[in-house]
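Colleague: For reference, the file data26.txt (compact mmCIF, C-alpha atoms and all ligand atoms) is included below:
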```txt
# COMPACT_ATOMS: atom_id res chain seq x y z
CA MET A 1 -54.86 11.18 0.39
CA ALA A 2 -54.63 14.36 -1.66
CA CYS A 3 -51.21 14.90 -0.19
CA ALA A 4 -49.99 11.42 -1.27
CA VAL A 5 -51.18 12.03 -4.83
CA VAL A 6 -49.25 15.32 -5.01
CA LEU A 7 -46.07 13.68 -3.70
CA CYS A 8 -46.32 10.87 -6.29
CA ALA A 9 -46.78 13.35 -9.07
CA VAL A 10 -43.72 15.36 -8.02
CA GLY A 11 -41.63 12.19 -7.69
CA ALA A 12 -42.59 11.01 -11.16
CA CYS A 13 -41.64 14.12 -13.07
CA LYS A 14 -38.28 14.78 -11.38
CA LYS A 15 -36.06 11.71 -11.36
CA GLN A 16 -32.89 12.08 -9.29
CA ASP A 17 -29.58 12.53 -11.13
CA MET A 18 -28.02 9.64 -9.24
CA TYR A 19 -30.90 7.38 -10.31
CA THR A 20 -30.51 8.09 -14.02
CA GLN A 21 -26.69 8.34 -14.18
CA ARG A 22 -24.56 6.22 -16.52
CA VAL A 23 -23.75 2.92 -14.80
CA ILE A 24 -20.64 0.90 -15.51
CA ARG A 25 -20.95 -2.74 -14.55
CA GLN A 26 -18.03 -4.75 -13.25
CA TRP A 27 -15.56 -5.67 -16.05
CA ASP A 28 -17.27 -3.29 -18.57
CA SER A 29 -14.86 -1.13 -20.52
CA ASP A 30 -14.80 2.51 -19.45
CA PRO A 31 -13.87 4.96 -22.19
CA ALA A 32 -13.57 7.75 -19.59
CA SER A 33 -10.63 6.12 -17.78
CA ALA A 34 -7.06 6.42 -19.06
CA ASP A 35 -6.56 2.67 -19.61
CA GLY A 36 -10.10 2.04 -20.90
CA SER A 37 -10.88 -0.33 -18.03
CA SER A 38 -13.55 0.06 -15.37
CA VAL A 39 -11.42 -1.96 -12.92
CA ARG A 40 -9.00 0.23 -11.03
CA PRO A 41 -5.66 -1.32 -10.06
CA PRO A 42 -5.01 -1.42 -6.28
CA VAL A 43 -3.06 1.58 -5.03
CA ALA A 44 0.63 1.06 -4.25
CA GLY A 45 1.11 -0.50 -0.81
CA THR A 46 -2.24 -2.34 -0.78
CA LEU A 47 -1.94 -5.47 1.38
CA ALA A 48 -3.65 -8.74 0.45
CA LEU A 49 -5.97 -10.09 3.13
CA GLN A 50 -5.51 -13.77 2.26
CA LEU A 51 -2.43 -14.38 0.15
CA PRO A 52 0.85 -14.87 2.00
CA ASP A 53 3.38 -12.07 1.42
CA ALA A 54 6.55 -12.59 -0.51
CA PRO A 55 9.24 -12.87 2.16
CA VAL A 56 11.35 -9.74 2.62
CA SER A 57 14.86 -10.10 3.99
CA PRO A 58 15.85 -8.03 7.00
CA PRO A 59 17.51 -4.67 6.29
CA ARG A 60 21.30 -4.83 6.36
CA VAL A 61 21.73 -1.42 7.96
CA ILE A 62 19.63 0.02 10.78
CA THR A 63 19.26 3.74 10.12
CA ALA A 64 17.66 6.43 12.27
CA ALA A 65 14.99 6.78 9.55
CA LEU A 66 14.16 3.05 9.80
CA LEU A 67 13.85 3.30 13.59
CA ALA A 68 11.64 6.38 13.28
CA ARG A 69 9.41 4.48 10.84
CA GLY A 70 9.37 1.51 13.23
CA GLN A 71 8.45 3.75 16.15
CA ALA A 72 5.58 5.36 14.23
CA ARG A 73 4.20 1.94 13.17
CA PHE A 74 4.71 0.48 16.67
CA ASP A 75 2.84 3.38 18.25
CA ILE A 76 -0.07 2.86 15.86
CA TYR A 77 -0.34 -0.93 15.74
CA CYS A 78 1.33 -2.34 18.84
CA ALA A 79 1.30 0.27 21.63
CA PRO A 80 -2.50 0.07 22.12
CA CYS A 81 -1.86 -3.34 23.77
CA HIS A 82 1.88 -3.48 24.41
CA GLY A 83 2.18 0.11 25.75
CA ALA A 84 4.51 2.79 24.33
CA SER A 85 7.43 1.32 26.31
CA GLY A 86 6.48 -2.29 25.48
CA ASN A 87 5.60 -3.12 29.10
CA GLY A 88 2.29 -4.78 28.11
CA LEU A 89 -0.01 -2.28 29.81
CA GLY A 90 -1.52 -0.54 26.78
CA MET A 91 -5.01 0.98 26.85
CA ILE A 92 -6.72 -2.10 25.33
CA VAL A 93 -5.20 -4.24 28.10
CA GLN A 94 -6.37 -1.75 30.71
CA ARG A 95 -9.85 -2.29 29.24
CA GLY A 96 -9.67 -6.08 29.62
CA PHE A 97 -7.65 -7.65 26.75
CA PRO A 98 -5.20 -10.36 27.94
CA GLN A 99 -1.92 -8.79 29.04
CA PRO A 100 1.02 -9.50 26.69
CA PRO A 101 4.49 -10.16 28.09
CA ASP A 102 6.90 -7.24 28.61
CA LEU A 103 8.70 -6.84 25.26
CA ALA A 104 11.83 -5.78 27.16
CA GLY A 105 11.61 -8.78 29.50
CA GLU A 106 14.34 -11.37 29.84
CA ASN A 107 12.94 -13.90 27.30
CA LEU A 108 12.12 -11.55 24.45
CA ARG A 109 15.35 -9.59 24.96
CA HIS A 110 17.22 -12.71 23.94
CA ALA A 111 14.81 -13.76 21.18
CA PRO A 112 16.02 -13.37 17.59
CA VAL A 113 14.42 -10.42 15.73
CA GLN A 114 12.82 -12.98 13.41
CA VAL A 115 10.44 -13.74 16.31
CA PHE A 116 9.06 -10.18 16.15
CA TYR A 117 8.67 -10.37 12.38
CA ASP A 118 6.93 -13.75 12.60
CA THR A 119 4.65 -12.64 15.44
CA ILE A 120 3.45 -9.67 13.39
CA THR A 121 2.95 -11.94 10.35
CA ASN A 122 1.22 -14.90 12.04
CA GLY A 123 0.01 -13.62 15.40
CA HIS A 124 0.79 -15.48 18.61
CA GLY A 125 -1.75 -17.04 21.01
CA ALA A 126 -4.30 -14.37 21.91
CA MET A 127 -2.65 -11.86 19.55
CA TYR A 128 -4.01 -11.99 16.03
CA SER A 129 -2.01 -11.53 12.81
CA TYR A 130 -1.11 -8.02 11.68
CA ALA A 131 -0.10 -9.21 8.18
CA ALA A 132 -3.02 -7.38 6.58
CA ARG A 133 -2.11 -4.09 8.24
CA VAL A 134 1.68 -3.99 8.47
CA ALA A 135 3.64 -4.41 5.22
CA PRO A 136 6.68 -6.76 5.35
CA ALA A 137 9.27 -3.95 5.22
CA ASP A 138 7.47 -2.20 8.10
CA ARG A 139 7.56 -5.44 10.14
CA TRP A 140 11.35 -5.23 10.06
CA ALA A 141 11.22 -1.55 10.98
CA ILE A 142 9.05 -2.45 14.00
CA ALA A 143 11.35 -5.36 14.90
CA ALA A 144 14.34 -2.98 14.86
CA TYR A 145 12.46 -0.50 17.03
CA ILE A 146 11.55 -3.23 19.56
CA ARG A 147 15.28 -4.01 19.81
CA ALA A 148 15.95 -0.32 20.44
CA LEU A 149 13.23 -0.28 23.13
CA GLN A 150 14.81 -3.32 24.76
CA MET A 151 18.30 -1.82 24.69
CA SER A 152 17.04 1.49 26.07
CA GLN A 153 15.62 -0.34 29.09
CA ALA A 154 18.31 -2.91 29.74
CA SER A 155 21.55 -0.99 29.11
CA VAL A 156 23.88 -0.12 31.93
CA LEU A 157 25.27 3.41 32.11
CA ALA A 158 28.84 2.16 31.76
CA SER A 159 28.11 0.76 28.28
CA LEU A 160 27.35 4.24 26.89
CA PRO A 161 29.99 6.43 25.20
CA ALA A 162 31.53 9.08 27.48
CA THR A 163 29.69 11.94 25.71
CA ASP A 164 26.31 10.29 26.29
CA ARG A 165 27.18 9.58 29.94
CA ALA A 166 28.18 13.20 30.43
CA ALA A 167 24.89 14.32 28.83
CA LEU A 168 23.10 12.22 31.45
CA GLY A 169 25.07 13.90 34.22
CA ASP A 170 27.29 10.87 34.94
CA THR A 171 30.77 12.04 35.84
CA PRO A 172 33.14 9.10 36.22
C1 LIG B 201 -4.89 -6.37 20.62
C2 LIG B 201 -3.72 -6.41 21.46
C3 LIG B 201 -2.37 -6.59 20.80
C4 LIG B 201 -1.83 -5.83 19.79
C5 LIG B 201 -2.45 -4.63 19.10
C6 LIG B 201 -0.52 -6.38 19.54
N1 LIG B 201 -0.27 -7.43 20.38
FE1 LIG B 201 1.43 -8.50 20.50
N2 LIG B 201 0.62 -9.65 21.94
C7 LIG B 201 -0.63 -9.49 22.49
C8 LIG B 201 -0.87 -10.54 23.46
C9 LIG B 201 -2.12 -10.69 24.32
C10 LIG B 201 0.26 -11.36 23.46
C11 LIG B 201 0.48 -12.64 24.28
C12 LIG B 201 -0.21 -13.73 23.51
C13 LIG B 201 -0.22 -15.07 24.20
O1 LIG B 201 0.82 -15.45 24.78
O2 LIG B 201 -1.26 -15.75 24.12
C14 LIG B 201 1.19 -10.76 22.49
C15 LIG B 201 2.45 -11.26 22.25
C16 LIG B 201 3.40 -10.61 21.47
C17 LIG B 201 4.79 -11.01 21.37
C18 LIG B 201 5.45 -12.17 22.11
C19 LIG B 201 5.52 -13.37 21.25
C20 LIG B 201 6.27 -14.50 21.94
O3 LIG B 201 6.92 -15.28 21.22
O4 LIG B 201 6.20 -14.59 23.17
C21 LIG B 201 5.39 -10.14 20.51
C22 LIG B 201 6.84 -10.13 20.08
C23 LIG B 201 4.37 -9.21 20.08
N3 LIG B 201 3.18 -9.52 20.68
C24 LIG B 201 4.60 -8.18 19.21
C25 LIG B 201 3.60 -7.32 18.75
C26 LIG B 201 3.82 -6.32 17.74
C27 LIG B 201 5.14 -6.04 17.08
C28 LIG B 201 2.63 -5.68 17.55
C29 LIG B 201 2.31 -4.59 16.57
C30 LIG B 201 2.46 -4.90 15.18
C31 LIG B 201 1.66 -6.28 18.45
N4 LIG B 201 2.30 -7.29 19.16
C32 LIG B 201 0.34 -5.90 18.58
C33 LIG B 201 -1.52 -8.49 22.19
C34 LIG B 201 -1.38 -7.57 21.17
```
As a first step, turn the structure in this file into structure tokens.
Ligand code: HEC

Modeller:
Amino acid sequence: MACAVVLCAVGACKKQDMYTQRVIRQWDSDPASADGSSVRPPVAGTLALQLPDAPVSPPRVITAALLARGQARFDIYCAPCHGASGNGLGMIVQRGFPQPPDLAGENLRHAPVQVFYDTITNGHGAMYSYAARVAPADRWAIAAYIRALQMSQASVLASLPATDRAALGDTP
């Protein structure tokens, strides 16, 4: 009992800084911020969870930088299920998620790239939408990278330039 009284007394004379700090309520003005508003604008690149995105047209030129961006995004967002090579045996699938089709398989190899963009935007069957995580421009980068994955797995040696064939040890 004596102990409880002492604790109360200590608590009453020393209020915590966080308890007594200045509080700004939602929509109050905030003289300490540069624009005088307590509402901070979303940082560049913030994706809306609900609103549909403005459509972005596909890039006209596929650059190495675009493919590198697509690879990085694919490895983060898609490879956990689709596997780094797109074969559908990613770690989440190995742990029980339904197995997606091979991205380099016959059907998807002949699908227009719009299918990849739309699948990321809307999801497909058991795969949910990635619209809230992958920005429209990045969807095209991923679509371009999927094409590169497909070509890397379905090309015949004879279709490569002579220098590339030589680098692979193919001497015609
Ligand atoms: C959580 C696991 C998972 C992740 C992550 C995932 N997918 Fe899928 N994906 C699936 C499954 C499962 C299917 C097959 C769905 C079905 O047929 O019901 C699928 C199907 C697809 C298809 C085939 C669509 C068609 O028309 O047949 C494409 C293309 C695809 N995914 C692309 C992607 C891309 C690109 C990403 C990354 C942004 C991604 N997926 C991330 C699980 C996933």

Colleague: Ligand LIG 201 (chain B): which residues are within 9 Å, counting all atoms listed in the file? Reply as a VMD selection string.

Modeller: chain A and resid 73 to 82 86 88 90 92 to 93 97 to 103 107 to 108 111 113 115 to 121 123 to 131 133 to 134 139 142 to 143 146

Colleague: What lies within 6 Å of range 59-68 of chain A using only C-alpha atoms, ignoring chain neighbours under 3 positions off, as a list in words?

Modeller: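 Counting only the stated atoms, we get Gln71, Ala141 and Tyr145 of chain A.
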
Colleague: Pick out the residues sitting within 10 Å of Trp27 in chain A, and hand them over as an MDAnalysis selection string; count all atoms listed in the file, and ignore anything fewer than 6 positions along from it in its own chain.

Modeller: chainID A and resid 37:39

Colleague: First collect every listed atom of range 159-167 of chain A; then fit an axis-aligned box around them, widen it by 8 Å on each side, and give centre and edge lengths in Å to one decimal, as AutoDock Vina command-line options.

Modeller:
```
--center_x 28.2 --center_y 7.5 --center_z 27.8 --size_x 22.6 --size_y 29.6 --size_z 21.2
```

Colleague: What is the distance, in Å and to one decimal place, between CA of Pro136 in chain A and CA of Gln94 in chain A?

Modeller: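 Distance reported for this atom pair: 29.0 Å.
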
Colleague: Quick check, in Å to one decimal: how far apart do CA of Ala144 in chain A and CA of Ala72 in chain A lie?

Modeller: 12.1 Å

Colleague: Determine the nearest neighbour of Ala104 in chain A from the options A:Leu89, A:Ile24, A:Met151, A:Leu157, counting only C-alpha atoms.

Modeller: A:Met151

Colleague: In Å, with one decimal, what is the gap from CA of Ala137 in chain A to CA of Met91 in chain A?

Modeller: 26.4 Å

Colleague: When you count all atoms listed in the file, which of these residues is closest to Ser57 in chain A: A:Leu168, A:Gln150, A:Val156, A:Asp138?

Modeller: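 Of all the options, A:Asp138 lies closest to Ser57 in chain A.
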
Colleague: Within 9 Å of Ala48 in chain A, counting only C-alpha atoms, which residues qualify if same-chain residues fewer than 3 places away don't, as a list in words?

Modeller: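 Selected residues are Leu51, Pro52, Asp53, Ala131 and Ala132 of chain A.
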